[in-house]
Amino acid sequence: MLNALEVFTTVIVGLMVGVEFSVAFVMNRIFNALPEDSGQLARAHGGRMLGALMPFWYIGSLVLSVVWAVAGWDRSGAGLVVTAAALLIVSVIMSLLLLVPINNRGKTWTPENRPADWKEQMNRWDRYHYVRVAVIVAAFACLVTALV
């Protein structure tokens, strides 16, 4: 049963990493290249859509990692799983303190009501997101290594 938990957790975290990597390095670049107000509208829609899903994914990934760490405490690789869980905690804290406040503002913006500094705010979100992606990639790498 523990083996199934290990694989399931690793897949769930890996998929989350893939989505967030895609947002950072593919989707936002596409959105930024769209003409006129399309990019801002796309970011607002993405913020609403992923903003509703990602809290469950982040917290779920953290819970799964903690369960794995507790259930496999006596197995090799337990330290790596604990490290992964700690990194996922950092990603949740980063999200709550840095990214979610910007996202909550951005998802309500339209070309008519967005603030003058909306691009600066989106660039700040992107910078924070790059760091968060690095953190969750490191967590994923720890989980994968713990499987070996």
# chains A, B, ... in the order shown; residues from 1 in each chain; ligands from 1

call {"tool": "residues_around", "arguments": {"residues": "region 3-14 of chain A", "least_positions_apart": "3", "cutoff": "7 Å", "atoms": "only C-alpha atoms", "output": "list in words"}}
result
Val17, Gly18, Ser61, Leu64, Ser65, Trp68, Phe140, Leu143 and Val144 of chain A

call {"tool": "closest_residue", "arguments": {"among": "A:Met16, A:Leu88, A:Val26, A:Ala146", "to": "Arg75 (chain A)", "atoms": "only C-alpha atoms"}}
result
A:Ala146

call {"tool": "closest_residue", "arguments": {"among": "A:Val137, A:Leu97, A:Val92, A:Cys142", "to": "Trp57 (chain A)", "atoms": "only C-alpha atoms"}}
result
A:Val92

call {"tool": "residues_around", "arguments": {"residues": "Val82 (chain A)", "least_positions_apart": "3", "cutoff": "8 Å", "atoms": "only C-alpha atoms", "output": "mmCIF file with N, CA and C atoms, in the first residue's frame"}}
result
data_model
loop_
_atom_site.group_PDB
_atom_site.id
_atom_site.type_symbol
_atom_site.label_atom_id
_atom_site.label_comp_id
_atom_site.auth_asym_id
_atom_site.auth_seq_id
_atom_site.Cartn_x
_atom_site.Cartn_y
_atom_site.Cartn_z
ATOM 1 N N SER A 65 2.323 14.101 0.756
ATOM 2 C CA SER A 65 3.746 13.998 1.123
ATOM 3 C C SER A 65 3.927 13.761 2.619
ATOM 4 N N VAL A 66 3.119 14.437 3.421
ATOM 5 C CA VAL A 66 3.198 14.243 4.869
ATOM 6 C C VAL A 66 2.786 12.815 5.238
ATOM 7 N N ALA A 69 5.591 10.596 4.372
ATOM 8 C CA ALA A 69 6.691 10.737 5.326
ATOM 9 C C ALA A 69 6.402 9.987 6.629
ATOM 10 N N ALA A 78 13.228 8.577 3.628
ATOM 11 C CA ALA A 78 12.264 9.330 4.443
ATOM 12 C C ALA A 78 12.686 10.787 4.607
ATOM 13 N N GLY A 79 13.971 11.013 4.743
ATOM 14 C CA GLY A 79 14.470 12.390 4.877
ATOM 15 C C GLY A 79 14.176 13.218 3.639
ATOM 16 N N ALA A 85 8.197 17.688 1.636
ATOM 17 C CA ALA A 85 7.044 18.256 2.340
ATOM 18 C C ALA A 85 7.359 19.664 2.838
ATOM 19 N N ALA A 86 8.561 19.859 3.349
ATOM 20 C CA ALA A 86 8.963 21.199 3.809
ATOM 21 C C ALA A 86 8.974 22.191 2.645
#

call {"tool": "select_by_dssp", "arguments": {"residues": "region 10-132 of chain A", "states": "alpha helix (DSSP H)", "output": "MDAnalysis selection string"}}
result
chainID A and resid 10:22 28:33 38:71 78:94 100:106 118:132

call {"tool": "residues_around", "arguments": {"residues": "Leu99 (chain A)", "least_positions_apart": "2", "cutoff": "9 Å", "atoms": "only C-alpha atoms", "output": "PyMOL selection string"}}
result
chain A and resi 94-97+101-104+124-126+128-129

call {"tool": "write_last_selection", "arguments": {"atoms": "N, CA and C atoms", "output": "PDB file, in the first residue's frame"}}
result
ATOM      1  N   MET A  94       4.445  30.829   0.237  1.00  0.00           N
ATOM      2  CA  MET A  94       4.719  31.794  -0.835  1.00  0.00           C
ATOM      3  C   MET A  94       3.437  32.148  -1.573  1.00  0.00           C
ATOM      4  N   SER A  95       2.658  31.129  -1.886  1.00  0.00           N
ATOM      5  CA  SER A  95       1.410  31.350  -2.617  1.00  0.00           C
ATOM      6  C   SER A  95       0.499  32.285  -1.844  1.00  0.00           C
ATOM      7  N   LEU A  96       0.287  31.978  -0.568  1.00  0.00           N
ATOM      8  CA  LEU A  96      -0.645  32.753   0.250  1.00  0.00           C
ATOM      9  C   LEU A  96      -0.180  34.187   0.466  1.00  0.00           C
ATOM     10  N   LEU A  97       1.111  34.361   0.694  1.00  0.00           N
ATOM     11  CA  LEU A  97       1.621  35.691   1.026  1.00  0.00           C
ATOM     12  C   LEU A  97       1.962  36.546  -0.193  1.00  0.00           C
ATOM     13  N   PRO A 101      -2.497  37.210  -3.401  1.00  0.00           N
ATOM     14  CA  PRO A 101      -3.029  38.577  -3.389  1.00  0.00           C
ATOM     15  C   PRO A 101      -3.001  39.252  -4.768  1.00  0.00           C
ATOM     16  N   ILE A 102      -1.916  39.060  -5.518  1.00  0.00           N
ATOM     17  CA  ILE A 102      -1.840  39.631  -6.866  1.00  0.00           C
ATOM     18  C   ILE A 102      -2.849  38.945  -7.773  1.00  0.00           C
ATOM     19  N   ASN A 103      -2.929  37.625  -7.691  1.00  0.00           N
ATOM     20  CA  ASN A 103      -3.861  36.879  -8.526  1.00  0.00           C
ATOM     21  C   ASN A 103      -5.313  37.287  -8.241  1.00  0.00           C
ATOM     22  N   ASN A 104      -5.644  37.483  -6.978  1.00  0.00           N
ATOM     23  CA  ASN A 104      -7.012  37.873  -6.632  1.00  0.00           C
ATOM     24  C   ASN A 104      -7.387  39.227  -7.227  1.00  0.00           C
ATOM     25  N   ARG A 124       5.638  41.178 -11.389  1.00  0.00           N
ATOM     26  CA  ARG A 124       5.993  40.776 -10.027  1.00  0.00           C
ATOM     27  C   ARG A 124       5.468  39.368  -9.762  1.00  0.00           C
ATOM     28  N   TRP A 125       4.217  39.109 -10.169  1.00  0.00           N
ATOM     29  CA  TRP A 125       3.646  37.772  -9.999  1.00  0.00           C
ATOM     30  C   TRP A 125       4.515  36.747 -10.724  1.00  0.00           C
ATOM     31  N   ASP A 126       4.930  37.076 -11.944  1.00  0.00           N
ATOM     32  CA  ASP A 126       5.771  36.151 -12.712  1.00  0.00           C
ATOM     33  C   ASP A 126       7.073  35.847 -11.978  1.00  0.00           C
ATOM     34  N   TYR A 128       7.739  36.002  -8.725  1.00  0.00           N
ATOM     35  CA  TYR A 128       7.443  35.139  -7.586  1.00  0.00           C
ATOM     36  C   TYR A 128       7.128  33.719  -8.050  1.00  0.00           C
ATOM     37  N   HIS A 129       6.408  33.621  -9.151  1.00  0.00           N
ATOM     38  CA  HIS A 129       6.015  32.315  -9.669  1.00  0.00           C
ATOM     39  C   HIS A 129       7.241  31.510 -10.112  1.00  0.00           C
TER      40      HIS A 129
END

call {"tool": "closest_atom_pairs", "arguments": {"of": "region 69-128 of chain A", "to": "region 39-52 of chain A", "cutoff": "8 Å", "atoms": "only C-alpha atoms", "output": "Markdown table"}}
result
| residue | atom | partner | partner_atom | distance |
| --- | --- | --- | --- | --- |
| A:Asn103 | CA | A:Gly47 | CA | 6.0 |
| A:Asn104 | CA | A:Gly47 | CA | 7.6 |
| A:Gly106 | CA | A:Ala44 | CA | 5.7 |
| A:Lys107 | CA | A:Ala44 | CA | 3.9 |
| A:Thr108 | CA | A:Ala44 | CA | 6.5 |
| A:Trp109 | CA | A:Ala44 | CA | 6.5 |
| A:Thr110 | CA | A:Leu41 | CA | 6.5 |
| A:Pro111 | CA | A:Gln40 | CA | 7.7 |

call {"tool": "write_last_selection", "arguments": {"atoms": "N, CA and C atoms", "output": "PDB file, in the first residue's frame"}}
result
ATOM      1  N   ASN A 103      -2.929  37.625  -7.691  1.00  0.00           N
ATOM      2  CA  ASN A 103      -3.861  36.879  -8.526  1.00  0.00           C
ATOM      3  C   ASN A 103      -5.313  37.287  -8.241  1.00  0.00           C
ATOM      4  N   ASN A 104      -5.644  37.483  -6.978  1.00  0.00           N
ATOM      5  CA  ASN A 104      -7.012  37.873  -6.632  1.00  0.00           C
ATOM      6  C   ASN A 104      -7.387  39.227  -7.227  1.00  0.00           C
ATOM      7  N   GLY A 106      -5.807  40.508 -10.028  1.00  0.00           N
ATOM      8  CA  GLY A 106      -5.710  40.365 -11.478  1.00  0.00           C
ATOM      9  C   GLY A 106      -6.870  39.635 -12.118  1.00  0.00           C
ATOM     10  N   LYS A 107      -7.455  38.687 -11.408  1.00  0.00           N
ATOM     11  CA  LYS A 107      -8.537  37.916 -12.016  1.00  0.00           C
ATOM     12  C   LYS A 107      -9.822  38.722 -12.164  1.00  0.00           C
ATOM     13  N   THR A 108      -9.891  39.881 -11.541  1.00  0.00           N
ATOM     14  CA  THR A 108     -11.085  40.727 -11.664  1.00  0.00           C
ATOM     15  C   THR A 108     -10.902  41.850 -12.676  1.00  0.00           C
ATOM     16  N   TRP A 109      -9.697  41.998 -13.192  1.00  0.00           N
ATOM     17  CA  TRP A 109      -9.417  43.122 -14.077  1.00  0.00           C
ATOM     18  C   TRP A 109     -10.002  42.926 -15.468  1.00  0.00           C
ATOM     19  N   THR A 110     -10.433  44.016 -16.005  1.00  0.00           N
ATOM     20  CA  THR A 110     -10.833  44.118 -17.412  1.00  0.00           C
ATOM     21  C   THR A 110     -10.073  45.304 -17.978  1.00  0.00           C
ATOM     22  N   PRO A 111     -10.088  45.480 -19.293  1.00  0.00           N
ATOM     23  CA  PRO A 111      -9.417  46.664 -19.850  1.00  0.00           C
ATOM     24  C   PRO A 111      -9.977  47.984 -19.293  1.00  0.00           C
TER      25      PRO A 111
END

call {"tool": "closest_residue", "arguments": {"among": "A:Met1, A:Leu15, A:Val23, A:Ala139", "to": "Leu80 (chain A)", "atoms": "only C-alpha atoms"}}
result
A:Ala139

call {"tool": "atom_distance", "arguments": {"atom1": "CA of Ala24 (chain A)", "atom2": "CA of Arg127 (chain A)"}}
result
9.2 Å
